[in-house]
Amino acid sequence: MSIASNLNSIKATLPENVTLVAVSKTKPVSDLMEAYEAGQRIFGENKIQEMADKWKQMPKDIQWHMIGHVQTNKVKFMAPFVSLIHGVDSLKLLQEINKQAAKNNRVIDCLLQMHIAEEETKFGLDENELNALLSSTEFKEMQHIRILGLMGMATFTENQNQIRKEFIYLKYIFDSLRNRDAQQHGGRDTHSRDAQQCISTSISTISMGMSGDYQLAIECGSTMVRIGSSIFGGR
Ligand SMILES: *Cc1c(COP(=O)(O)O)cnc(C)c1O
């Protein structure tokens with residue numbers, strides 16, 4: 001199967017409200033171009049340097065998503081062009097993104113990564129850390145980031161019930177975030193400083209699901225799937 005046909009058969013199964021991120025990490029530009037020629041415009045990478053190299057070489061209408069763990073000292077290399085950062089899991093990282101976005105005169109869209117898996121090794125926030133981050137003064141003062149929603153990775157297991165449980169949990173946090181924020185900020189003057197920080201209007205995205213579990217993720221409410229090996233082949 002070619003990259004184009006893999007891509008097309010996956011796209012045919014996705015509901016209209018679900019965005020496909022083609023995860024192209026470790027793959028050569030020629031493979032990405034094949035997906036590009038087939039119409040794909042959103043690519044996901046997990047290393048900043050590799051993403052920057054590909055960005056330089058490829059057409060400029062591509063949206064580049066950073067899906068991997070981000071080191072603060074490397075944010076500056078993607079700040080000029082990155083379209084969405086999925087793996088934000090600390091205030092410190094968010095502050096650096098805000099700073100680099102300001103330098104580039106832009107607002108950078110971010111997803112907050114939640115820890116939903118059983119494994120200790122996966123990055124992400126728990127519910128308390130999420131609440132603490134969102135209610136901090138530092139967060140409220142950031143003018144160059146926009147939180148679009150949440151991202152999560154399920155436990156690496158064959159157990160579908162376990163994965164489903166974790167996806168449903170992420171959807172639950174997502175829904176409460178939207179509701180809570182709508183209540184807090186409903187009816188306020190849209191020009192006040194507080195209202196600028198109202199994130200309920202921008203909360204729209206729940207990034208969950210990879211090659212092995214994206215159908216399940218969609219059943220559980222995913223709006224963005226990150227698919228690599230089913231499009232480009234194994235790594
Ligand atoms: C590599 C990766 C993916 C894609 O994984 P596949 O199993 O190849 O679809 C999705 N999300 C993240 C965070 C990744 O690192």
# chains A, B, ... in the order shown; residues from 1 in each chain; ligands from 1

call {"tool": "select_by_dssp", "arguments": {"residues": "stretch 18-232 of chain A", "states": "alpha helix (DSSP H)", "output": "ChimeraX atom specification"}}
result
/A:29-37,48-57,75-78,91-103,127-135,137-141,160-185,193-196,214-219,229-232

call {"tool": "select_by_dssp", "arguments": {"residues": "stretch 1-218 of chain A", "states": "strand (DSSP E)", "output": "PyMOL selection string"}}
result
chain A and resi 19-23+42-45+63-66+84-88+108-114+145-152+205-207

call {"tool": "residues_around", "arguments": {"residues": "A:Leu130", "least_positions_apart": "4", "cutoff": "10 Å", "atoms": "only C-alpha atoms", "output": "PyMOL selection string"}}
result
chain A and resi 89-91+112-114+124-126+134-135+173+177

call {"tool": "residues_near_ligand", "arguments": {"ligand": "ligand 1", "cutoff": "10 Å", "atoms": "only C-alpha atoms and all ligand atoms", "output": "PyMOL selection string"}}
result
chain A and resi 21-26+44-47+66-69+86-87+113+122+151-153+207-214+225-235

call {"tool": "write_last_selection", "arguments": {"atoms": "N, CA and C atoms", "output": "short mmCIF file (atom, residue, chain, number, x, y, z; two decimals), in the first residue's frame"}}
result
data_model
loop_
_atom_site.label_atom_id
_atom_site.label_comp_id
_atom_site.auth_asym_id
_atom_site.auth_seq_id
_atom_site.Cartn_x
_atom_site.Cartn_y
_atom_site.Cartn_z
N VAL A 21 -3.80 14.44 12.17
CA VAL A 21 -2.41 14.85 12.19
C VAL A 21 -1.60 13.66 11.68
N ALA A 22 -0.91 13.85 10.56
CA ALA A 22 -0.08 12.78 10.00
C ALA A 22 1.27 12.81 10.70
N VAL A 23 1.52 11.80 11.52
CA VAL A 23 2.74 11.79 12.33
C VAL A 23 3.91 11.24 11.50
N SER A 24 4.83 12.15 11.16
CA SER A 24 5.86 11.85 10.17
C SER A 24 7.26 11.74 10.76
N LYS A 25 7.35 11.67 12.08
CA LYS A 25 8.66 11.59 12.75
C LYS A 25 9.48 10.45 12.18
N THR A 26 10.76 10.69 12.05
CA THR A 26 11.78 9.76 11.51
C THR A 26 11.65 9.51 10.00
N GLY A 44 2.73 15.98 12.14
CA GLY A 44 3.16 15.96 13.54
C GLY A 44 4.56 15.39 13.66
N GLU A 45 5.39 16.09 14.44
CA GLU A 45 6.76 15.64 14.69
C GLU A 45 7.00 15.64 16.19
N ASN A 46 7.97 14.84 16.65
CA ASN A 46 8.22 14.83 18.09
C ASN A 46 9.60 15.37 18.47
N LYS A 47 10.38 15.80 17.46
CA LYS A 47 11.68 16.43 17.77
C LYS A 47 11.73 17.80 17.08
N MET A 66 3.79 20.06 17.05
CA MET A 66 4.79 19.41 17.91
C MET A 66 4.03 18.49 18.86
N ILE A 67 4.25 17.19 18.71
CA ILE A 67 3.48 16.23 19.52
C ILE A 67 4.32 15.61 20.63
N GLY A 68 5.64 15.87 20.62
CA GLY A 68 6.51 15.22 21.59
C GLY A 68 6.73 16.06 22.83
N HIS A 69 7.53 15.54 23.73
CA HIS A 69 7.90 16.28 24.94
C HIS A 69 8.80 17.44 24.53
N HIS A 86 1.26 20.16 21.24
CA HIS A 86 0.34 19.25 21.96
C HIS A 86 0.78 18.95 23.39
N GLY A 87 2.09 18.93 23.63
CA GLY A 87 2.58 18.33 24.87
C GLY A 87 2.96 19.29 25.97
N GLN A 113 -1.16 18.74 28.11
CA GLN A 113 -1.11 17.28 28.13
C GLN A 113 -1.48 16.75 29.50
N LYS A 122 4.91 8.26 31.35
CA LYS A 122 4.30 9.21 30.43
C LYS A 122 4.21 10.59 31.08
N MET A 151 -4.57 17.11 25.50
CA MET A 151 -3.98 15.98 24.80
C MET A 151 -3.69 14.88 25.81
N GLY A 152 -3.83 13.63 25.37
CA GLY A 152 -3.48 12.53 26.27
C GLY A 152 -3.09 11.29 25.51
N MET A 153 -2.31 10.46 26.17
CA MET A 153 -1.91 9.17 25.60
C MET A 153 -2.32 8.06 26.54
N SER A 207 -7.05 16.00 21.73
CA SER A 207 -6.13 15.23 20.90
C SER A 207 -5.87 13.88 21.56
N MET A 208 -6.53 12.85 21.04
CA MET A 208 -6.27 11.51 21.56
C MET A 208 -6.52 10.48 20.45
N GLY A 209 -5.70 9.44 20.45
CA GLY A 209 -5.82 8.39 19.46
C GLY A 209 -4.63 8.35 18.52
N MET A 210 -4.03 7.15 18.37
CA MET A 210 -2.91 6.91 17.48
C MET A 210 -3.30 5.75 16.56
N SER A 211 -2.34 5.22 15.78
CA SER A 211 -2.69 4.17 14.82
C SER A 211 -3.49 3.03 15.45
N GLY A 212 -3.06 2.60 16.63
CA GLY A 212 -3.66 1.41 17.23
C GLY A 212 -5.00 1.63 17.91
N ASP A 213 -5.29 2.90 18.26
CA ASP A 213 -6.48 3.11 19.09
C ASP A 213 -7.34 4.30 18.66
N TYR A 214 -7.14 4.80 17.44
CA TYR A 214 -7.84 6.04 17.09
C TYR A 214 -9.35 5.86 16.91
N VAL A 225 -6.80 13.19 15.85
CA VAL A 225 -6.06 11.93 15.98
C VAL A 225 -4.66 12.10 15.40
N ARG A 226 -3.70 11.45 16.04
CA ARG A 226 -2.30 11.54 15.63
C ARG A 226 -1.87 10.18 15.09
N ILE A 227 -1.80 10.07 13.76
CA ILE A 227 -1.58 8.75 13.18
C ILE A 227 -0.29 8.73 12.37
N GLY A 228 0.61 7.81 12.74
CA GLY A 228 1.89 7.70 12.08
C GLY A 228 2.03 6.43 11.27
N SER A 229 2.27 5.32 11.95
CA SER A 229 2.64 4.08 11.26
C SER A 229 1.57 3.57 10.29
N SER A 230 0.29 3.82 10.56
CA SER A 230 -0.74 3.37 9.63
C SER A 230 -0.72 4.16 8.31
N ILE A 231 -0.07 5.30 8.33
CA ILE A 231 0.06 6.07 7.08
C ILE A 231 1.42 5.81 6.42
N PHE A 232 2.48 5.96 7.21
CA PHE A 232 3.85 5.95 6.65
C PHE A 232 4.56 4.60 6.79
N GLY A 233 3.93 3.65 7.47
CA GLY A 233 4.59 2.38 7.73
C GLY A 233 5.37 2.42 9.02
N GLY A 234 5.90 1.27 9.41
CA GLY A 234 6.59 1.16 10.71
C GLY A 234 7.84 2.01 10.76
N ARG A 235 8.29 2.28 11.99
CA ARG A 235 9.49 3.08 12.17
C ARG A 235 10.62 2.23 12.70
#

call {"tool": "closest_atom_pairs", "arguments": {"of": "stretch 100-152 of chain A", "to": "stretch 157-160 of chain A", "cutoff": "12 Å", "atoms": "only C-alpha atoms", "output": "tab-separated table"}}
result
residue	atom	partner	partner_atom	distance
A:Ala117	CA	A:Thr157	CA	10.0
A:Glu118	CA	A:Thr157	CA	10.0
A:Glu119	CA	A:Thr157	CA	10.3

call {"tool": "closest_residue", "arguments": {"among": "A:Asn6, A:Asn98, A:Gln63, A:Gln215", "to": "A:Ile42", "atoms": "only C-alpha atoms"}}
result
A:Gln63

call {"tool": "residues_around", "arguments": {"residues": "A:Leu148", "least_positions_apart": "2", "cutoff": "12 Å", "atoms": "only C-alpha atoms", "output": "ChimeraX atom specification"}}
result
/A:83-86,88,107-113,145-146,150-151,174,177-178,198-207,223-224

call {"tool": "atom_distance", "arguments": {"atom1": "atom CA of A:Gln143", "atom2": "atom CA of A:Glu129"}}
result
20.9 Å

call {"tool": "residues_around", "arguments": {"residues": "A:Lys92", "least_positions_apart": "4", "cutoff": "10 Å", "atoms": "only C-alpha atoms", "output": "PyMOL selection string"}}
result
chain A and resi 72+88+96-98+133+138-139

call {"tool": "atom_distance", "arguments": {"atom1": "atom CA of A:Asp53", "atom2": "atom CA of A:Val18"}}
result
27.7 Å

call {"tool": "residues_around", "arguments": {"residues": "A:Phe77", "least_positions_apart": "3", "cutoff": "12 Å", "atoms": "only C-alpha atoms", "output": "PyMOL selection string"}}
result
chain A and resi 47-53+55-56+66+70-74+80-82+96-97+100-101+103-104
